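Asker: Next comes the structure file data-v6.txt, holding compact mmCIF, C-alpha atoms and all ligand atoms.
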# COMPACT_ATOMS: atom_id res chain seq x y z
CA MET D 1357 15.58 -18.85 12.03
CA LYS D 1358 15.37 -16.84 15.25
CA PRO D 1359 14.06 -13.29 15.00
CA TYR D 1360 16.95 -10.92 14.45
CA ARG D 1361 17.62 -8.80 17.53
CA ARG D 1362 18.75 -5.25 17.03
CA PRO D 1363 21.50 -3.79 19.19
CA LEU D 1364 19.97 -2.23 22.32
CA ALA D 1365 21.08 1.31 21.60
CA ALA D 1366 19.37 1.28 18.23
CA ALA D 1367 16.19 -0.16 19.69
CA ALA D 1368 16.08 2.47 22.42
CA LEU D 1369 16.63 5.26 19.91
CA ALA D 1370 13.80 4.01 17.74
CA VAL D 1371 11.39 3.93 20.65
CA GLY D 1372 12.56 7.38 21.68
CA ILE D 1373 11.67 8.78 18.28
CA ALA D 1374 8.57 6.78 17.60
CA GLY D 1375 7.13 5.48 20.85
CA MET D 1376 4.25 7.29 22.55
CA SER D 1377 1.74 6.03 25.01
CA HIS D 1378 -1.82 6.15 23.74
CA ALA D 1379 -5.10 5.65 25.52
CA ALA D 1380 -7.17 2.72 24.19
CA VAL D 1381 -8.78 3.75 20.91
CA ALA D 1382 -11.30 2.22 18.54
CA PRO D 1383 -9.34 0.44 15.81
CA VAL D 1384 -9.49 1.62 12.20
CA LEU D 1385 -8.41 -0.08 8.98
CA VAL D 1386 -8.16 1.66 5.60
CA ILE D 1387 -7.27 -0.17 2.38
CA HIS D 1388 -6.76 0.63 -1.28
CA GLY D 1389 -6.64 -1.41 -4.46
CA GLY D 1390 -4.95 1.17 -6.67
CA ALA D 1391 -5.71 4.53 -8.24
CA GLY D 1392 -5.62 3.50 -11.88
CA VAL D 1393 -9.39 3.15 -12.22
CA ILE D 1394 -10.73 3.73 -15.72
CA ARG D 1395 -14.52 3.75 -15.82
CA HIS D 1396 -14.94 2.65 -19.43
CA ASP D 1397 -12.79 -0.44 -18.80
CA MET D 1398 -15.01 -1.63 -15.93
CA THR D 1399 -17.65 -4.35 -16.26
CA PRO D 1400 -20.46 -4.88 -13.72
CA ALA D 1401 -19.07 -8.33 -12.89
CA LYS D 1402 -15.58 -6.99 -12.27
CA GLU D 1403 -16.87 -4.12 -10.18
CA LYS D 1404 -18.89 -6.52 -8.06
CA ALA D 1405 -15.92 -8.83 -7.55
CA ILE D 1406 -13.66 -5.94 -6.55
CA ARG D 1407 -16.16 -4.50 -4.09
CA ALA D 1408 -16.66 -7.96 -2.55
CA ALA D 1409 -12.91 -8.55 -2.23
CA MET D 1410 -12.35 -5.16 -0.62
CA THR D 1411 -15.23 -5.79 1.81
CA ARG D 1412 -13.79 -9.17 2.79
CA ALA D 1413 -10.31 -7.73 3.30
CA LEU D 1414 -11.74 -4.99 5.54
CA GLU D 1415 -13.75 -7.48 7.58
CA GLN D 1416 -10.83 -9.89 8.01
CA GLY D 1417 -8.37 -7.16 8.97
CA HIS D 1418 -10.82 -5.49 11.32
CA ALA D 1419 -11.64 -8.80 13.02
CA ARG D 1420 -8.00 -9.03 13.99
CA LEU D 1421 -7.97 -5.50 15.37
CA LYS D 1422 -11.13 -6.20 17.36
CA ALA D 1423 -9.49 -9.33 18.78
CA GLY D 1424 -6.69 -7.10 20.12
CA LYS D 1425 -4.15 -7.96 17.43
CA SER D 1426 -1.69 -5.36 16.19
CA ALA D 1427 -2.02 -2.87 13.36
CA LEU D 1428 0.78 -4.83 11.66
CA ASP D 1429 -1.34 -8.00 11.79
CA ALA D 1430 -4.37 -6.24 10.30
CA VAL D 1431 -2.32 -4.70 7.49
CA THR D 1432 -0.69 -8.05 6.74
CA ALA D 1433 -4.03 -9.92 6.72
CA ALA D 1434 -5.78 -7.43 4.44
CA ILE D 1435 -2.91 -7.21 1.96
CA THR D 1436 -2.41 -10.99 1.81
CA MET D 1437 -6.05 -11.41 0.79
CA LEU D 1438 -5.80 -8.77 -1.92
CA GLU D 1439 -2.52 -10.26 -3.22
CA ASP D 1440 -4.28 -13.59 -3.71
CA ASP D 1441 -7.14 -11.95 -5.63
CA PRO D 1442 -6.40 -11.77 -9.38
CA ASN D 1443 -8.33 -8.50 -9.77
CA PHE D 1444 -5.52 -6.49 -8.20
CA ASN D 1445 -2.03 -5.66 -9.41
CA ALA D 1446 -0.28 -7.43 -6.53
CA GLY D 1447 0.58 -11.09 -6.06
CA LYS D 1448 -1.61 -13.12 -8.42
CA GLY D 1449 -2.77 -10.82 -11.22
CA SER D 1450 0.34 -8.60 -11.18
CA VAL D 1451 1.19 -6.65 -14.31
CA PHE D 1452 3.89 -7.85 -16.71
CA THR D 1453 7.30 -6.36 -17.35
CA HIS D 1454 8.49 -5.48 -20.85
CA GLU D 1455 10.12 -8.90 -21.01
CA GLY D 1456 6.88 -10.66 -20.03
CA ARG D 1457 7.73 -11.45 -16.40
CA ASN D 1458 6.06 -10.57 -13.11
CA GLU D 1459 8.38 -8.71 -10.72
CA LEU D 1460 6.77 -7.86 -7.42
CA ASP D 1461 7.50 -5.18 -4.81
CA ALA D 1462 6.13 -4.85 -1.25
CA ALA D 1463 6.81 -3.05 2.02
CA ILE D 1464 5.54 -2.91 5.57
CA MET D 1465 6.30 -0.48 8.40
CA ASP D 1466 5.51 -0.50 12.11
CA GLY D 1467 4.82 3.07 13.24
CA ASN D 1468 5.37 2.22 16.89
CA THR D 1469 9.01 1.16 16.52
CA LEU D 1470 9.88 2.59 13.07
CA ARG D 1471 10.91 -0.91 12.03
CA ALA D 1472 10.38 -1.65 8.36
CA GLY D 1473 10.88 -4.42 5.82
CA SER D 1474 10.55 -4.55 2.07
CA VAL D 1475 11.25 -6.64 -1.00
CA ALA D 1476 11.72 -5.62 -4.63
CA GLY D 1477 11.65 -7.47 -7.91
CA VAL D 1478 10.70 -10.89 -6.53
CA GLN D 1479 9.37 -13.40 -9.05
CA ARG D 1480 8.52 -16.48 -7.00
CA VAL D 1481 7.10 -15.28 -3.70
CA ARG D 1482 3.35 -15.82 -3.55
CA ASN D 1483 2.72 -13.15 -0.91
CA PRO D 1484 5.44 -10.50 -1.04
CA ILE D 1485 3.94 -8.70 1.99
CA LEU D 1486 4.70 -11.76 4.13
CA LEU D 1487 8.29 -11.73 2.94
CA ALA D 1488 8.56 -7.98 3.62
CA ARG D 1489 7.34 -8.63 7.15
CA ALA D 1490 9.88 -11.43 7.55
CA VAL D 1491 12.65 -9.10 6.34
CA MET D 1492 11.59 -6.68 9.08
CA GLN D 1493 11.32 -9.27 11.83
CA GLN D 1494 13.86 -11.94 10.92
CA SER D 1495 16.72 -10.19 9.13
CA PRO D 1496 19.10 -7.36 9.99
CA TYR D 1497 18.03 -5.52 6.80
CA VAL D 1498 15.22 -3.33 5.53
CA LEU D 1499 15.16 -3.96 1.76
CA LEU D 1500 16.03 -7.18 -0.09
CA SER D 1501 15.77 -7.61 -3.84
CA GLY D 1502 15.46 -10.25 -6.56
CA GLU D 1503 17.18 -13.60 -6.16
CA GLY D 1504 18.68 -12.63 -2.82
CA ALA D 1505 15.24 -11.93 -1.41
CA GLU D 1506 14.09 -15.33 -2.67
CA ALA D 1507 17.11 -17.05 -1.10
CA PHE D 1508 16.18 -15.38 2.19
CA ALA D 1509 12.57 -16.61 1.76
CA ARG D 1510 13.86 -20.15 1.30
CA SER D 1511 16.16 -19.83 4.31
CA ILE D 1512 13.20 -19.09 6.60
CA GLY D 1513 11.14 -21.94 5.16
CA MET D 1514 8.82 -19.88 2.95
CA ALA D 1515 7.62 -21.96 0.00
CA LEU D 1516 8.24 -20.41 -3.41
CA VAL D 1517 5.75 -20.70 -6.29
CA ASP D 1518 6.26 -21.17 -10.00
CA PRO D 1519 6.27 -17.74 -11.73
CA SER D 1520 3.19 -18.84 -13.71
CA TRP D 1521 1.17 -18.50 -10.47
CA PHE D 1522 0.96 -14.72 -11.02
CA ARG D 1523 -0.17 -14.81 -14.65
CA THR D 1524 -3.63 -13.71 -15.76
CA GLU D 1525 -4.74 -13.32 -19.36
CA GLU D 1526 -6.05 -9.80 -18.72
CA ARG D 1527 -2.64 -8.55 -17.53
CA TRP D 1528 -0.95 -10.29 -20.45
CA GLN D 1529 -3.23 -8.45 -22.87
CA GLN D 1530 -2.46 -5.15 -21.10
CA LEU D 1531 1.21 -5.77 -21.81
CA GLN D 1532 0.49 -6.52 -25.49
CA LYS D 1533 -1.41 -3.22 -25.74
CA ALA D 1534 1.42 -1.32 -24.04
CA LEU D 1535 4.02 -2.90 -26.34
CA LYS D 1536 1.99 -1.82 -29.37
CA GLU D 1537 1.67 1.72 -28.02
CA ASP D 1538 5.41 1.83 -27.38
CA ALA D 1539 6.13 0.71 -30.91
CA ALA D 1540 3.81 3.38 -32.31
CA LYS D 1541 5.12 6.38 -30.38
CA GLN D 1542 7.31 7.67 -27.56
CA PRO D 1543 6.70 5.66 -24.38
CA TYR D 1544 6.08 7.17 -20.94
CA THR D 1545 4.05 10.11 -22.14
CA ASP D 1546 0.30 10.16 -21.70
CA GLU D 1547 -0.69 6.53 -21.25
CA GLU D 1548 0.56 6.09 -17.72
CA THR D 1549 -2.68 5.84 -15.80
CA ASP D 1550 -3.70 2.53 -17.31
CA ARG D 1551 -0.23 1.14 -16.59
CA HIS D 1552 -0.55 1.42 -12.85
CA LEU D 1553 -3.80 -0.36 -12.14
CA GLY D 1554 -4.54 -2.11 -8.90
CA THR D 1555 -1.64 -1.84 -6.46
CA VAL D 1556 -2.89 -2.74 -2.97
CA GLY D 1557 -2.19 -1.20 0.41
CA ALA D 1558 -3.43 -0.87 3.96
CA VAL D 1559 -2.99 1.37 6.98
CA ALA D 1560 -4.29 0.49 10.43
CA LEU D 1561 -4.66 1.84 13.95
CA ASP D 1562 -4.90 -0.79 16.68
CA ALA D 1563 -6.45 -0.70 20.13
CA GLN D 1564 -3.05 0.21 21.60
CA GLY D 1565 -3.01 3.34 19.46
CA HIS D 1566 -0.22 1.98 17.25
CA LEU D 1567 -0.15 2.56 13.50
CA ALA D 1568 1.20 0.45 10.62
CA ALA D 1569 1.32 0.74 6.83
CA GLY D 1570 1.89 -1.75 4.01
CA THR D 1571 1.84 -1.77 0.22
CA SER D 1572 2.19 -4.53 -2.40
CA THR D 1573 2.38 -4.23 -6.18
CA GLY D 1574 3.39 -5.71 -9.48
CA GLY D 1575 4.54 -2.18 -10.40
CA MET D 1576 3.79 -0.69 -13.80
CA THR D 1577 2.94 -2.58 -16.99
CA ASP D 1578 5.86 -2.76 -19.43
CA LYS D 1579 8.45 -1.70 -16.82
CA ARG D 1580 11.97 -2.76 -17.75
CA TRP D 1581 15.61 -2.87 -16.71
CA GLY D 1582 14.77 -4.05 -13.19
CA ARG D 1583 12.69 -0.93 -12.53
CA ILE D 1584 11.57 -0.67 -8.93
CA GLY D 1585 8.73 1.65 -7.96
CA ASP D 1586 7.89 3.64 -4.87
CA SER D 1587 5.92 0.92 -3.05
CA PRO D 1588 8.92 -0.87 -1.45
CA ILE D 1589 10.84 2.36 -0.86
CA ILE D 1590 10.27 3.33 2.77
CA GLY D 1591 9.14 6.95 2.84
CA ALA D 1592 8.06 7.06 -0.82
CA GLY D 1593 5.13 4.63 -1.19
CA THR D 1594 4.95 3.33 2.37
CA TYR D 1595 5.59 4.99 5.73
CA ALA D 1596 4.34 4.91 9.33
CA ASN D 1597 5.37 6.56 12.58
CA SER D 1598 3.65 7.07 15.92
CA GLY D 1599 1.24 9.69 14.53
CA CYS D 1600 0.68 8.85 10.88
CA ALA D 1601 0.56 5.93 8.43
CA VAL D 1602 0.45 6.15 4.62
CA SER D 1603 0.24 3.71 1.71
CA ALA D 1604 0.42 5.27 -1.74
CA THR D 1605 -0.53 4.20 -5.24
CA GLY D 1606 0.20 5.91 -8.52
CA TRP D 1607 3.01 6.72 -10.89
CA GLY D 1608 5.85 5.64 -8.62
CA GLU D 1609 8.66 7.78 -9.99
CA PHE D 1610 6.85 10.90 -8.75
CA TYR D 1611 6.20 9.40 -5.32
CA MET D 1612 9.90 8.71 -4.97
CA ARG D 1613 10.87 12.22 -6.08
CA THR D 1614 8.50 13.80 -3.54
CA VAL D 1615 9.19 11.15 -0.87
CA ALA D 1616 5.42 11.27 -0.70
CA ALA D 1617 4.45 9.05 2.24
CA HIS D 1618 7.13 10.52 4.50
CA ALA D 1619 6.28 14.06 3.37
CA ILE D 1620 2.65 13.56 4.42
CA CYS D 1621 3.65 12.13 7.79
CA MET D 1622 6.16 14.88 8.52
CA LYS D 1623 3.49 17.50 7.91
CA VAL D 1624 1.20 15.65 10.32
CA THR D 1625 3.63 14.84 13.11
CA GLN D 1626 6.15 17.67 12.91
CA MET D 1627 4.11 20.55 11.54
CA ARG D 1628 0.77 19.55 13.11
CA VAL D 1629 -1.05 19.88 9.79
CA PRO D 1630 -4.41 18.00 9.82
CA ILE D 1631 -4.05 14.75 7.89
CA LYS D 1632 -6.63 15.66 5.26
CA ARG D 1633 -4.74 18.80 4.31
CA ALA D 1634 -1.30 17.17 4.58
CA ALA D 1635 -2.23 14.29 2.27
CA ALA D 1636 -4.05 16.54 -0.20
CA GLU D 1637 -1.07 18.90 -0.47
CA VAL D 1638 1.33 16.12 -1.41
CA ILE D 1639 -0.98 14.00 -3.58
CA ASN D 1640 -3.00 16.71 -5.31
CA GLN D 1641 -0.41 19.51 -5.47
CA ASP D 1642 3.20 18.32 -5.24
CA ILE D 1643 2.81 15.20 -7.40
CA PRO D 1644 0.70 16.72 -10.23
CA SER D 1645 2.96 19.80 -10.28
CA LEU D 1646 5.78 17.47 -11.39
CA GLY D 1647 3.57 15.68 -13.91
CA GLY D 1648 2.60 12.61 -11.87
CA ASN D 1649 -0.74 11.24 -10.70
CA GLY D 1650 -2.25 8.77 -8.26
CA GLY D 1651 -3.60 8.64 -4.71
CA ALA D 1652 -2.93 7.52 -1.17
CA ILE D 1653 -4.59 6.38 2.03
CA ALA D 1654 -3.53 8.12 5.22
CA LEU D 1655 -4.50 7.61 8.85
CA ASP D 1656 -3.50 9.43 12.04
CA ALA D 1657 -3.30 8.23 15.63
CA GLN D 1658 -6.75 9.67 16.43
CA GLY D 1659 -8.35 7.65 13.63
CA HIS D 1660 -8.77 10.48 11.12
CA ILE D 1661 -8.72 9.15 7.56
CA SER D 1662 -7.70 10.88 4.36
CA ILE D 1663 -7.98 9.34 0.86
CA PRO D 1664 -6.93 11.90 -1.75
CA PHE D 1665 -6.53 10.93 -5.43
CA ASN D 1666 -6.47 12.74 -8.74
CA THR D 1667 -7.38 9.89 -11.11
CA GLU D 1668 -10.85 8.91 -12.31
CA GLY D 1669 -11.21 6.62 -9.33
CA MET D 1670 -9.42 4.72 -6.65
CA TYR D 1671 -10.43 1.39 -5.16
CA ARG D 1672 -10.71 2.27 -1.50
CA GLY D 1673 -12.35 1.19 1.71
CA TRP D 1674 -12.34 1.74 5.43
CA ILE D 1675 -13.82 0.31 8.58
CA GLY D 1676 -13.92 2.00 11.97
CA ALA D 1677 -15.69 2.06 15.29
CA ASP D 1678 -19.10 0.91 14.00
CA GLY D 1679 -17.59 -2.15 12.27
CA VAL D 1680 -19.31 -1.39 8.96
CA PRO D 1681 -17.10 -1.77 5.85
CA HIS D 1682 -17.25 1.20 3.46
CA VAL D 1683 -16.06 0.64 -0.11
CA ALA D 1684 -15.94 3.10 -3.02
CA ILE D 1685 -14.37 3.20 -6.48
CA TYR D 1686 -15.11 6.39 -8.42
CA GLY D 1687 -14.25 9.98 -7.68
CA ASP D 1688 -17.88 11.10 -7.75
CA GLU D 1689 -18.92 8.38 -5.31
CA ASP D 1690 -19.40 9.15 -1.61
CA ASP D 1691 -16.88 7.04 0.30
CA GLY D 1692 -18.19 8.08 3.70
CA THR D 1693 -14.99 9.86 4.69
CA ALA D 1694 -16.96 13.10 4.85
CA GLU D 1695 -18.34 11.66 8.08
CA LEU D 1696 -14.87 11.56 9.58
CA PRO D 1697 -13.48 10.90 12.06
CA ALA D 1698 -13.98 7.14 12.18
CA GLN D 1699 -13.57 7.21 15.96
CA ALA D 1700 -16.91 7.35 17.72
CA GLY D 1701 -17.31 10.44 19.83
CA SER D 1702 -14.20 12.39 18.80
CA SER D 1703 -14.40 15.78 17.22
CA THR D 1704 -14.25 16.50 13.50
CA GLN D 1705 -10.97 17.81 12.17
CA PRO D 1706 -10.67 21.07 10.28
N1 LIG D 1801 3.15 2.92 -7.43
C1 LIG D 1801 3.29 1.70 -8.15
C2 LIG D 1801 4.58 1.72 -8.91
O1 LIG D 1801 4.93 2.76 -9.45
C3 LIG D 1801 2.18 1.43 -9.10
C4 LIG D 1801 0.79 1.70 -8.55
O2 LIG D 1801 0.63 2.13 -7.43
O3 LIG D 1801 -0.18 1.45 -9.26
O4 LIG D 1801 5.22 0.71 -9.01
Would you write out, as structure tokens, the structure that this file holds?
Ligand code: ASP

Answerer:
Amino acid sequence: MKPYRRPLAAAALAVGIAGMSHAAVAPVLVIHGGAGVIRHDMTPAKEKAIRAAMTRALEQGHARLKAGKSALDAVTAAITMLEDDPNFNAGKGSVFTHEGRNELDAAIMDGNTLRAGSVAGVQRVRNPILLARAVMQQSPYVLLSGEGAEAFARSIGMALVDPSWFRTEERWQQLQKALKEDAAKQPYTDEETDRHLGTVGAVALDAQGHLAAGTSTGGMTDKRWGRIGDSPIIGAGTYANSGCAVSATGWGEFYMRTVAAHAICMKVTQMRVPIKRAAAEVINQDIPSLGGNGGAIALDAQGHISIPFNTEGMYRGWIGADGVPHVAIYGDEDDGTAELPAQAGSSTQP
């Protein structure tokens, strides 16, 4: 199928809102693997595997940026790798729904053009981020769901996998535990953190100064009734414009109610709030004040990074001008972002 071409007027408007010329900058890639970290559930082997996977995803994504590829390409490459890794709640290793299925959500957004694509509730797409990107580039739509999204995947020649591809025993046991907890007491009260483990996301700044954001998830363990989280909702879990890119992870209902990713970016681009403060206000004030929790990765067009979270830990990593991957998990661990900005030679933000 040929790429879908938008009407000219719409394209011009998008560039008018989003487009800006930037001097060449050192590329930056920031990734997350979810904010549902629980220290007592971690084993040394699992921790090692997660750190190695995050390091590889950073290196692969950054290699693309260094080769002059776009922020969109780096985000896509990093997320695809994490989707294929069973340690994360995205692609293979996604959490199970109440009915024992895997229903996957993903989104991607190009900050330079404000184009976006997302998919929700897909059960047979190995890499939902690739389908989200295809929705953006090869369809006239932004968000496709369920069987329709899979029919679109087939129509562009994307191979579908058997739903058993996504299954891991660990996620199955998490569902059994959640079902028991539900039977014993009111659901959706105080056990939420361990139901949103391991969503993945990436934000990138390329050498052209363009930003992109992407997120991919299996959602929350024991979700039902076709529940869709914030990740594929543009503005809630995923957003990028010419000055800011955000991928969120956490209890999705609260990210939708605060339109979290968009709220952070509006503070940065409209109100000129430094990205660290903007992201912290939304993630550590607005969301907890409603009763939610989680984290986010945020990046601005100068390469400043912010990674706020209010859970015990968040799988997170970044790579900037020096090409060294930084990976951290726990809240009390130095993730190197104190040495911001990632751009060599630029000044530190307030
Ligand atoms: N935000 C995701 C959702 O609510 C879950 C997560 O990030 O862990 O579907």

Asker: Counting all atoms listed in the file, what are the residues, protein, DNA or RNA alike, that approach ligand LIG 1801 (chain D) to within 7 Å? I want them as an mmCIF file with C-alpha atoms, in the frame of the given file.

Answerer:
data_model
loop_
_atom_site.group_PDB
_atom_site.id
_atom_site.type_symbol
_atom_site.label_atom_id
_atom_site.label_comp_id
_atom_site.auth_asym_id
_atom_site.auth_seq_id
_atom_site.Cartn_x
_atom_site.Cartn_y
_atom_site.Cartn_z
ATOM 1 C CA GLY D 1390 -4.950 1.170 -6.670
ATOM 2 C CA ALA D 1391 -5.710 4.530 -8.240
ATOM 3 C CA GLY D 1392 -5.620 3.500 -11.880
ATOM 4 C CA HIS D 1552 -0.550 1.420 -12.850
ATOM 5 C CA LEU D 1553 -3.800 -0.360 -12.140
ATOM 6 C CA GLY D 1554 -4.540 -2.110 -8.900
ATOM 7 C CA THR D 1555 -1.640 -1.840 -6.460
ATOM 8 C CA THR D 1573 2.380 -4.230 -6.180
ATOM 9 C CA GLY D 1574 3.390 -5.710 -9.480
ATOM 10 C CA GLY D 1575 4.540 -2.180 -10.400
ATOM 11 C CA MET D 1576 3.790 -0.690 -13.800
ATOM 12 C CA ILE D 1584 11.570 -0.670 -8.930
ATOM 13 C CA GLY D 1585 8.730 1.650 -7.960
ATOM 14 C CA ASP D 1586 7.890 3.640 -4.870
ATOM 15 C CA SER D 1587 5.920 0.920 -3.050
ATOM 16 C CA GLY D 1593 5.130 4.630 -1.190
ATOM 17 C CA ALA D 1604 0.420 5.270 -1.740
ATOM 18 C CA THR D 1605 -0.530 4.200 -5.240
ATOM 19 C CA GLY D 1606 0.200 5.910 -8.520
ATOM 20 C CA TRP D 1607 3.010 6.720 -10.890
ATOM 21 C CA GLY D 1608 5.850 5.640 -8.620
ATOM 22 C CA GLU D 1609 8.660 7.780 -9.990
#

Asker: Which residues, written as number ranges by chain, have at least one atom at most 8 Å from range 1639-1655 of chain D, with only C-alpha atoms counted and residues fewer than 5 positions away on the same chain left out?

Answerer: D: 1386-1388, 1390-1392, 1549, 1558-1561, 1600-1607, 1609-1611, 1614, 1616, 1631, 1660-1667, 1670

Asker: Kindly export the residues of the current selection with C-alpha atoms, as a PDB file, keeping the file's coordinate frame.

Answerer:
ATOM      1  CA  VAL D1386      -8.160   1.660   5.600  1.00  0.00           C
ATOM      2  CA  ILE D1387      -7.270  -0.170   2.380  1.00  0.00           C
ATOM      3  CA  HIS D1388      -6.760   0.630  -1.280  1.00  0.00           C
ATOM      4  CA  GLY D1390      -4.950   1.170  -6.670  1.00  0.00           C
ATOM      5  CA  ALA D1391      -5.710   4.530  -8.240  1.00  0.00           C
ATOM      6  CA  GLY D1392      -5.620   3.500 -11.880  1.00  0.00           C
ATOM      7  CA  THR D1549      -2.680   5.840 -15.800  1.00  0.00           C
ATOM      8  CA  ALA D1558      -3.430  -0.870   3.960  1.00  0.00           C
ATOM      9  CA  VAL D1559      -2.990   1.370   6.980  1.00  0.00           C
ATOM     10  CA  ALA D1560      -4.290   0.490  10.430  1.00  0.00           C
ATOM     11  CA  LEU D1561      -4.660   1.840  13.950  1.00  0.00           C
ATOM     12  CA  CYS D1600       0.680   8.850  10.880  1.00  0.00           C
ATOM     13  CA  ALA D1601       0.560   5.930   8.430  1.00  0.00           C
ATOM     14  CA  VAL D1602       0.450   6.150   4.620  1.00  0.00           C
ATOM     15  CA  SER D1603       0.240   3.710   1.710  1.00  0.00           C
ATOM     16  CA  ALA D1604       0.420   5.270  -1.740  1.00  0.00           C
ATOM     17  CA  THR D1605      -0.530   4.200  -5.240  1.00  0.00           C
ATOM     18  CA  GLY D1606       0.200   5.910  -8.520  1.00  0.00           C
ATOM     19  CA  TRP D1607       3.010   6.720 -10.890  1.00  0.00           C
ATOM     20  CA  GLU D1609       8.660   7.780  -9.990  1.00  0.00           C
ATOM     21  CA  PHE D1610       6.850  10.900  -8.750  1.00  0.00           C
ATOM     22  CA  TYR D1611       6.200   9.400  -5.320  1.00  0.00           C
ATOM     23  CA  THR D1614       8.500  13.800  -3.540  1.00  0.00           C
ATOM     24  CA  ALA D1616       5.420  11.270  -0.700  1.00  0.00           C
ATOM     25  CA  ILE D1631      -4.050  14.750   7.890  1.00  0.00           C
ATOM     26  CA  HIS D1660      -8.770  10.480  11.120  1.00  0.00           C
ATOM     27  CA  ILE D1661      -8.720   9.150   7.560  1.00  0.00           C
ATOM     28  CA  SER D1662      -7.700  10.880   4.360  1.00  0.00           C
ATOM     29  CA  ILE D1663      -7.980   9.340   0.860  1.00  0.00           C
ATOM     30  CA  PRO D1664      -6.930  11.900  -1.750  1.00  0.00           C
ATOM     31  CA  PHE D1665      -6.530  10.930  -5.430  1.00  0.00           C
ATOM     32  CA  ASN D1666      -6.470  12.740  -8.740  1.00  0.00           C
ATOM     33  CA  THR D1667      -7.380   9.890 -11.110  1.00  0.00           C
ATOM     34  CA  MET D1670      -9.420   4.720  -6.650  1.00  0.00           C
TER      35      MET D1670
END

Asker: Could you jot down the CA of Lys1579 in chain D to CA of Gly1673 in chain D separation for me, Å, one decimal place?

Answerer: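 Rounded to one decimal, the two atoms are 28.0 Å apart.
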
Asker: To one decimal in Å, tell me the separation between CA of Lys1448 in chain D and CA of Leu1531 in chain D.

Answerer: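 Pair CA of Lys1448 in chain D / CA of Leu1531 in chain D returns 15.5 Å.
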
Asker: Choose the residue, out of D:Phe1452, D:Trp1521, D:Trp1674, D:Tyr1595, that has the smallest atom-to-atom separation from Ser1474 in chain D; count all atoms listed in the file.

Answerer: D:Tyr1595

Asker: How would range 1375-1415 of chain D look written as a PDB file, in the first residue's frame with C-alpha atoms?

Answerer:
ATOM      1  CA  GLY D1375       7.844  22.849  12.551  1.00  0.00           C
ATOM      2  CA  MET D1376      10.891  24.821  13.686  1.00  0.00           C
ATOM      3  CA  SER D1377      14.342  24.957  12.269  1.00  0.00           C
ATOM      4  CA  HIS D1378      17.006  23.695  14.634  1.00  0.00           C
ATOM      5  CA  ALA D1379      20.759  23.870  14.443  1.00  0.00           C
ATOM      6  CA  ALA D1380      22.485  20.459  14.358  1.00  0.00           C
ATOM      7  CA  VAL D1381      22.441  18.980  17.860  1.00  0.00           C
ATOM      8  CA  ALA D1382      23.949  15.935  19.521  1.00  0.00           C
ATOM      9  CA  PRO D1383      21.314  13.196  19.462  1.00  0.00           C
ATOM     10  CA  VAL D1384      19.786  11.862  22.685  1.00  0.00           C
ATOM     11  CA  LEU D1385      17.732   8.745  23.364  1.00  0.00           C
ATOM     12  CA  VAL D1386      15.870   8.057  26.613  1.00  0.00           C
ATOM     13  CA  ILE D1387      14.000   4.805  27.295  1.00  0.00           C
ATOM     14  CA  HIS D1388      11.920   3.258  30.047  1.00  0.00           C
ATOM     15  CA  GLY D1389      10.787  -0.248  30.868  1.00  0.00           C
ATOM     16  CA  GLY D1390       7.991   0.655  33.272  1.00  0.00           C
ATOM     17  CA  ALA D1391       7.564   2.165  36.723  1.00  0.00           C
ATOM     18  CA  GLY D1392       6.123  -0.854  38.498  1.00  0.00           C
ATOM     19  CA  VAL D1393       9.428  -1.943  40.024  1.00  0.00           C
ATOM     20  CA  ILE D1394       9.118  -3.859  43.279  1.00  0.00           C
ATOM     21  CA  ARG D1395      12.490  -4.517  44.891  1.00  0.00           C
ATOM     22  CA  HIS D1396      11.527  -7.652  46.808  1.00  0.00           C
ATOM     23  CA  ASP D1397      10.284  -9.302  43.604  1.00  0.00           C
ATOM     24  CA  MET D1398      13.631  -8.816  41.834  1.00  0.00           C
ATOM     25  CA  THR D1399      16.253 -11.553  41.434  1.00  0.00           C
ATOM     26  CA  PRO D1400      19.899 -10.850  40.533  1.00  0.00           C
ATOM     27  CA  ALA D1401      19.472 -12.777  37.272  1.00  0.00           C
ATOM     28  CA  LYS D1402      16.399 -10.803  36.276  1.00  0.00           C
ATOM     29  CA  GLU D1403      18.017  -7.506  37.165  1.00  0.00           C
ATOM     30  CA  LYS D1404      21.051  -8.389  35.070  1.00  0.00           C
ATOM     31  CA  ALA D1405      18.906  -9.382  32.095  1.00  0.00           C
ATOM     32  CA  ILE D1406      16.877  -6.169  32.305  1.00  0.00           C
ATOM     33  CA  ARG D1407      19.947  -3.944  32.547  1.00  0.00           C
ATOM     34  CA  ALA D1408      21.512  -5.754  29.573  1.00  0.00           C
ATOM     35  CA  ALA D1409      18.342  -5.410  27.477  1.00  0.00           C
ATOM     36  CA  MET D1410      18.033  -1.705  28.266  1.00  0.00           C
ATOM     37  CA  THR D1411      21.716  -1.163  27.405  1.00  0.00           C
ATOM     38  CA  ARG D1412      21.289  -2.946  24.064  1.00  0.00           C
ATOM     39  CA  ALA D1413      18.165  -0.956  23.207  1.00  0.00           C
ATOM     40  CA  LEU D1414      19.992   2.305  23.984  1.00  0.00           C
ATOM     41  CA  GLU D1415      22.990   1.311  21.873  1.00  0.00           C
TER      42      GLU D1415
END
